[in-house]
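The next block holds one structure in the form of structure tokens; read it before the comments.
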Amino acid sequence: MNNQQEMTEATLAAIAKASTTGITSATGLYSYDLGPLVQLVPVVTPARDAIPRVTATDGNPYAVWRAILNNTSAQPSPFMGLDFAANVSKVSEQDFQAKYMRSGMGGTVTLDAQDFSKGYSDANAVATFQTLNQVLIGDDRALVGAQSFPLARPAAPTLTQHATGGSIGAVQVYVGVAARTGIGYYYGTGNSRGNSGSTTFGSGTANSITGTVAAVRGAVCYDWFQSADGSTWYYYTTTTVNTVTMTAVISSNNALPSGLAVPDLSVNWKGTANAVPTINTSADNNSGDPTQYDGLLASLAGDYSSTGQWVQSGTANANPSTFSSLDGASLTLGGGSVNEFNQYLFLPLWNAVKCSPTALMMNAAQAQETATLILGSTGATTFLNTDASGRLNVTAGGRVGSVINAPAGGIEVPIEVHPSVPPGTIVARTDRVPFPQANVSNVLEYRALRDTYRYDYASARLANTAGGGPRVDYEIESLGAFVNRAPVAMAVLSNVG
């Protein structure tokens with residue numbers, strides 16, 4: 001019997017069965033209940049929405065501006081005596097530069113994908129929309145956390161032994177640490193040059209270690225590593241404060257942390273998907289990326305060179321902004337407000353430039369911490385509202401939308417939740433400066449030579465490769481520079497526990 005005859009008999013047998021057993025739900029005679037395409041990508045970009053985007057009128061690799069710096073503390077006395085000429089005031093001028101760099105995302109759609117999506121969705125439109133979503137998210141993160149220059153190398157961590165809390169025995173343990181920028185946090189692009197220390201336990205089986213490192217200016221998180229010999233390193237964890245607790249000896253890399261402590265932490269490392277951070281104790285591990293422009297945090301962390309470009313902290317003229325670290329400590333309550341806001345943000349800024357910040361930028365974690373701290377106090381005000389029937393309608397919960405800047409005379413400062421500011425970091429941002437003839441229309445500005453532009457490549461063809469074509473390749477990108485004209489009027493509070 002040949003194959004064709006076998007197939008014919010099998011078909012006739014199936015028909016005979018169908019004709020005798022009828023049609024049931026198992027027959028498969030039903031339609032296809034296909035719902036609409038659901039797209040679940042949150043796009044929350046308050047920094048991009050708030051920072052003005054200005055088109056540059058002249059092409060140049062740099063946006064350049066000149067500034068008269070504040071040197072009031074170095075001025076001579078205004079008294080000169082009778083018959084003497086007055087002392088001449090001192091003027092300090094500095095040029096500044098911000099480099100234009102490209103940023104964006106690419107997309108690709110094959111002709112077959114467009115054909116197969118007919119009647120259901122527009123594959124090209126979906127791809128374009130999702131690419132644009134990631135461009136907007138990337139813009140927001142870059143405006144806050146992009147950095148072209150490397151972070152300073154952390155100092156060797158200080159290690160404290162504990163006889164309880166872990167499972168470490170009588171061994172020597174090396175602890176390594178490296179710091180990351182904002183872009184490093186969200187995209188896993190690299191970390192700073194690492195440093196390490198070691199400690200030896202003489203006895204015990206339940207030991208643990210607390211490691212602490214001096215705050216690195218510009219860092220938003222720290223990668224921690226462990227080694228038995230100071231040579232072969234294993235990834236332990238990442239923290240958004242400059243301290244860590246190690247409870248066990250490891251002989252392989254731990255998994256990346258997840259959850260509320262590190263929201264949106266990248267699962268990639270230096271272009272490799274699902275990879276953990278590495279440590280390099282000899283050189284910078286790509287914490288600074290020369291393909292990036294310098295965003296807000298970089299403009300508040302880097303020193304400025306003689307040409308006015310931001311460079312590594314501690315290597316040139318000191319950044320004039322205010323920087324403080326809580327070293328893992330939590331915010332505290334005082335006078336119905338937050339002590340640390342007054343002590344480390346409001347008061348230093350008033351003393352330095354006699355103005356108040358426009359807003360406090362923070363992650364949802366610190367916004368919640370602030371609300372819990374203030375509303376959880378016995379001095380918190382409760383409002384009881386009546387409903388339509390005259391009964392009391394009590395709404396549980398609340399938020400702290402703003403705080404009073406007492407050192408500046410009672411100015412109200414809004415609290416803004418920014419998903420591109422990692423937990424543990426709070427930025428006092430100033431959008432306007434009340435200096436006479438300041439000539440500053442925008443304190444912060446994204447200055448673009450090309451803004452959010454779609455560029456389509458010619459139709460591509462790559463033989464013997466899935467997705468090789470025919471296809472449409474495109475990029476949605478910008479060419480611009482981030483400008484901060486008054487870092488002196490801003491402050492950063494880091495390592496908030």
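Naming scheme: A, B, ... for chains in displayed order of the structure tokens; residues 1 onward per chain; ligands 1 onward as shown.
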
Which residues, written as a PyMOL selection string, have at least one atom at most 12 Å from Leu375 (chain A), with only C-alpha atoms counted and residues fewer than 2 positions away on the same chain left out?
chain A and resi 333+336-338+367-373+377-382+396-401

Using only C-alpha atoms, tabulate the residues of region 315-400 of chain A lying at most 12 Å from any atom of region 30-47 of chain A, each with its closest atom pair and that distance in Å to one decimal, by chain and increasing residue number, as a tab-separated table.
```
residue	atom	partner	partner_atom	distance
A:Ala359	CA	A:Ala47	CA	11.7
A:Met361	CA	A:Ala47	CA	9.2
A:Met362	CA	A:Ala47	CA	11.2
A:Asn363	CA	A:Pro46	CA	11.7
```

I need the helix (DSSP H, G or I) residues of region 157-284 of chain A per DSSP on the backbone, written as number ranges by chain.
A: 182-187

Once you count only C-alpha atoms, what closest atom pair and distance in Å to one decimal does each residue of region 227-284 of chain A within 10 Å of region 175-189 of chain A have, with rows by chain and rising residue number, as CSV?
```
residue,atom,partner,partner_atom,distance
A:Ser227,CA,A:Val175,CA,6.5
A:Ala228,CA,A:Val175,CA,9.0
A:Gly230,CA,A:Val175,CA,8.1
A:Trp233,CA,A:Gly176,CA,8.0
A:Tyr234,CA,A:Gly176,CA,9.2
A:Tyr235,CA,A:Gly176,CA,9.0
A:Tyr236,CA,A:Val175,CA,9.2
A:Thr237,CA,A:Val177,CA,9.9
A:Thr238,CA,A:Val177,CA,9.4
A:Thr239,CA,A:Ala179,CA,9.7
A:Thr240,CA,A:Tyr185,CA,9.4
A:Asn242,CA,A:Ala179,CA,8.9
A:Thr243,CA,A:Val177,CA,9.7
A:Val244,CA,A:Val177,CA,9.8
A:Met246,CA,A:Val175,CA,9.1
A:Val262,CA,A:Tyr185,CA,9.1
A:Pro263,CA,A:Tyr186,CA,9.2
A:Asp264,CA,A:Tyr186,CA,6.4
A:Leu265,CA,A:Tyr186,CA,5.3
A:Ser266,CA,A:Tyr186,CA,5.0
A:Val267,CA,A:Gly188,CA,7.1
A:Asn268,CA,A:Gly188,CA,5.4
A:Trp269,CA,A:Gly188,CA,4.6
A:Lys270,CA,A:Thr189,CA,4.6
A:Gly271,CA,A:Thr189,CA,7.1
A:Thr272,CA,A:Gly188,CA,9.0
A:Ala273,CA,A:Gly188,CA,9.6
A:Ala275,CA,A:Gly188,CA,9.1
A:Val276,CA,A:Gly188,CA,8.8
A:Pro277,CA,A:Gly188,CA,7.7
A:Thr278,CA,A:Ala178,CA,8.9
A:Ile279,CA,A:Ala178,CA,6.7
A:Asn280,CA,A:Ala178,CA,8.3
A:Thr281,CA,A:Ala178,CA,8.7
A:Asp284,CA,A:Ala178,CA,9.3
```

Okay, now the selection with N, CA and C atoms, as a tab-separated table (two decimals), in the first residue's frame?
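Output saved as again37.tsv:
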```
chain	number	residue	atom	x	y	z
A	227	SER	N	35.57	38.15	48.10
A	227	SER	CA	36.65	37.28	47.62
A	227	SER	C	37.30	36.59	48.82
A	228	ALA	N	37.83	35.39	48.56
A	228	ALA	CA	38.56	34.67	49.60
A	228	ALA	C	40.04	34.98	49.58
A	230	GLY	N	41.33	38.00	47.54
A	230	GLY	CA	41.59	39.34	47.03
A	230	GLY	C	41.88	39.38	45.55
A	233	TRP	N	36.97	37.54	42.38
A	233	TRP	CA	35.86	38.26	43.01
A	233	TRP	C	34.52	37.72	42.56
A	234	TYR	N	33.57	37.72	43.49
A	234	TYR	CA	32.20	37.33	43.20
A	234	TYR	C	31.27	38.47	43.60
A	235	TYR	N	30.26	38.67	42.76
A	235	TYR	CA	29.29	39.74	43.02
A	235	TYR	C	28.42	39.35	44.21
A	236	TYR	N	28.27	40.30	45.17
A	236	TYR	CA	27.45	40.03	46.35
A	236	TYR	C	26.08	40.71	46.26
A	237	THR	N	26.05	42.04	46.07
A	237	THR	CA	24.78	42.75	45.95
A	237	THR	C	25.02	44.19	45.53
A	238	THR	N	23.95	44.93	45.32
A	238	THR	CA	23.99	46.36	45.01
A	238	THR	C	23.10	47.10	46.01
A	239	THR	N	23.62	48.20	46.56
A	239	THR	CA	22.85	48.98	47.53
A	239	THR	C	22.76	50.43	47.07
A	240	THR	N	21.71	51.11	47.48
A	240	THR	CA	21.55	52.52	47.14
A	240	THR	C	22.08	53.43	48.26
A	242	ASN	N	25.79	53.75	50.97
A	242	ASN	CA	27.21	53.38	50.95
A	242	ASN	C	27.58	52.43	52.08
A	243	THR	N	26.70	51.48	52.34
A	243	THR	CA	26.97	50.48	53.36
A	243	THR	C	26.32	49.16	52.97
A	244	VAL	N	26.87	48.05	53.47
A	244	VAL	CA	26.35	46.72	53.14
A	244	VAL	C	26.56	45.80	54.33
A	246	MET	N	27.14	41.72	54.98
A	246	MET	CA	27.39	40.40	54.40
A	246	MET	C	27.22	39.35	55.49
A	262	VAL	N	15.44	48.42	45.17
A	262	VAL	CA	16.17	48.81	43.95
A	262	VAL	C	15.22	48.80	42.75
A	263	PRO	N	14.20	49.65	42.73
A	263	PRO	CA	13.26	49.64	41.60
A	263	PRO	C	13.94	50.02	40.29
A	264	ASP	N	13.62	49.26	39.25
A	264	ASP	CA	14.12	49.54	37.89
A	264	ASP	C	15.62	49.33	37.73
A	265	LEU	N	16.27	48.67	38.70
A	265	LEU	CA	17.70	48.38	38.54
A	265	LEU	C	17.90	47.50	37.31
A	266	SER	N	18.85	47.86	36.45
A	266	SER	CA	19.08	47.13	35.20
A	266	SER	C	19.50	45.70	35.46
A	267	VAL	N	18.98	44.79	34.64
A	267	VAL	CA	19.39	43.38	34.69
A	267	VAL	C	20.48	43.10	33.67
A	268	ASN	N	20.95	44.13	32.99
A	268	ASN	CA	22.03	43.99	32.02
A	268	ASN	C	23.34	44.51	32.62
A	269	TRP	N	24.45	44.07	32.04
A	269	TRP	CA	25.73	44.59	32.49
A	269	TRP	C	26.64	44.78	31.28
A	270	LYS	N	26.95	46.03	31.00
A	270	LYS	CA	27.86	46.42	29.93
A	270	LYS	C	27.49	45.73	28.61
A	271	GLY	N	26.20	45.76	28.30
A	271	GLY	CA	25.71	45.24	27.03
A	271	GLY	C	25.34	43.78	27.02
A	272	THR	N	25.56	43.06	28.12
A	272	THR	CA	25.21	41.65	28.20
A	272	THR	C	23.94	41.49	29.02
A	273	ALA	N	22.95	40.81	28.44
A	273	ALA	CA	21.68	40.64	29.13
A	273	ALA	C	21.81	39.65	30.27
A	275	ALA	N	23.16	39.73	33.25
A	275	ALA	CA	24.52	39.57	33.77
A	275	ALA	C	24.67	40.43	35.01
A	276	VAL	N	25.59	40.04	35.89
A	276	VAL	CA	25.80	40.78	37.13
A	276	VAL	C	27.01	41.69	36.99
A	277	PRO	N	27.12	42.71	37.83
A	277	PRO	CA	28.26	43.63	37.76
A	277	PRO	C	29.59	42.95	38.02
A	278	THR	N	30.64	43.57	37.53
A	278	THR	CA	32.01	43.11	37.74
A	278	THR	C	32.80	44.22	38.44
A	279	ILE	N	33.96	43.86	38.96
A	279	ILE	CA	34.81	44.84	39.62
A	279	ILE	C	36.16	44.89	38.93
A	280	ASN	N	36.68	46.09	38.77
A	280	ASN	CA	38.01	46.31	38.20
A	280	ASN	C	38.75	47.22	39.16
A	281	THR	N	39.75	46.69	39.84
A	281	THR	CA	40.48	47.48	40.83
A	281	THR	C	41.65	48.24	40.22
A	284	ASP	N	38.98	52.52	35.78
A	284	ASP	CA	37.55	52.77	35.76
A	284	ASP	C	36.86	51.71	34.90
```

Point-to-point distance in Å for CA of Ala301 (chain A) and CA of Ala283 (chain A):
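Atom-to-atom, CA of Ala283 (chain A) and CA of Ala301 (chain A) are spaced 19.7 Å apart.
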
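In terms of minimum interatomic distance to Ser167 (chain A), A:Val249 ranks closest within A:Ala63, A:Ala255, A:Val249, A:Ile137, counting only C-alpha atoms.
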
Quick one: contact table of region 268-344 of chain A to region 424-445 of chain A, 9 Å max, nearest atom pair and distance in Å to one decimal per residue, counting only C-alpha atoms, chain and number order, as CSV?
```
residue,atom,partner,partner_atom,distance
A:Leu296,CA,A:Leu444,CA,8.4
A:Leu297,CA,A:Val427,CA,8.3
A:Gly328,CA,A:Gly424,CA,8.2
```

So that I can see what lies close to Gly410 (chain A), please list as a PyMOL selection string the residues with an atom at most 12 Å from it, counting only C-alpha atoms and leaving out residues fewer than 6 positions away in the same chain.
chain A and resi 337+342+346-347+350+355-356+402-404

Non-local contacts of Ile209 (chain A) (7 Å; only C-alpha atoms; under 5 positions in same chain excluded) as a PyMOL selection string
chain A and resi 159-162+245-247

Output N, CA and C atoms for every residue in that selection, as a PDB file, in the first residue's frame.
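Writing done, so here's again-v7.pdb:
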```
ATOM      1  N   LEU A 159      35.527  47.788  57.452  1.00  0.00           N
ATOM      2  CA  LEU A 159      34.820  46.540  57.736  1.00  0.00           C
ATOM      3  C   LEU A 159      34.681  46.349  59.240  1.00  0.00           C
ATOM      4  N   THR A 160      33.463  46.074  59.678  1.00  0.00           N
ATOM      5  CA  THR A 160      33.177  45.849  61.089  1.00  0.00           C
ATOM      6  C   THR A 160      32.675  44.428  61.282  1.00  0.00           C
ATOM      7  N   GLN A 161      33.301  43.696  62.190  1.00  0.00           N
ATOM      8  CA  GLN A 161      32.920  42.309  62.467  1.00  0.00           C
ATOM      9  C   GLN A 161      31.766  42.253  63.474  1.00  0.00           C
ATOM     10  N   HIS A 162      30.887  41.262  63.259  1.00  0.00           N
ATOM     11  CA  HIS A 162      29.821  40.965  64.207  1.00  0.00           C
ATOM     12  C   HIS A 162      29.835  39.462  64.469  1.00  0.00           C
ATOM     13  N   THR A 245      25.718  44.797  54.447  1.00  0.00           N
ATOM     14  CA  THR A 245      25.899  43.740  55.439  1.00  0.00           C
ATOM     15  C   THR A 245      26.047  42.416  54.714  1.00  0.00           C
ATOM     16  N   MET A 246      27.145  41.718  54.985  1.00  0.00           N
ATOM     17  CA  MET A 246      27.388  40.398  54.403  1.00  0.00           C
ATOM     18  C   MET A 246      27.222  39.353  55.494  1.00  0.00           C
ATOM     19  N   THR A 247      26.370  38.377  55.218  1.00  0.00           N
ATOM     20  CA  THR A 247      26.054  37.363  56.223  1.00  0.00           C
ATOM     21  C   THR A 247      26.610  35.986  55.891  1.00  0.00           C
TER      22      THR A 247
END
```

Restrict the calculation to only C-alpha atoms, then for each residue of region 218-332 of chain A with any atom at most 6 Å from an atom of region 478-492 of chain A give the closest atom pair and their distance in Å to one decimal, rows by chain and rising residue number, as CSV.
```
residue,atom,partner,partner_atom,distance
A:Gly295,CA,A:Phe482,CA,5.9
A:Leu300,CA,A:Pro487,CA,6.0
A:Pro320,CA,A:Val488,CA,4.7
A:Ser321,CA,A:Val488,CA,4.3
A:Thr322,CA,A:Ala491,CA,4.4
A:Phe323,CA,A:Val492,CA,5.0
```

Pick out the residues sitting within 12 Å of region 79-90 of chain A, and hand them over as a list in words; count only C-alpha atoms, and ignore anything fewer than 4 positions along from it in its own chain.
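Final neighbour list, sorted by chain and number: Ile68, Leu69, Asn70, Asn71, Thr72, Ser73, Ala74 and Gln75 of chain A.
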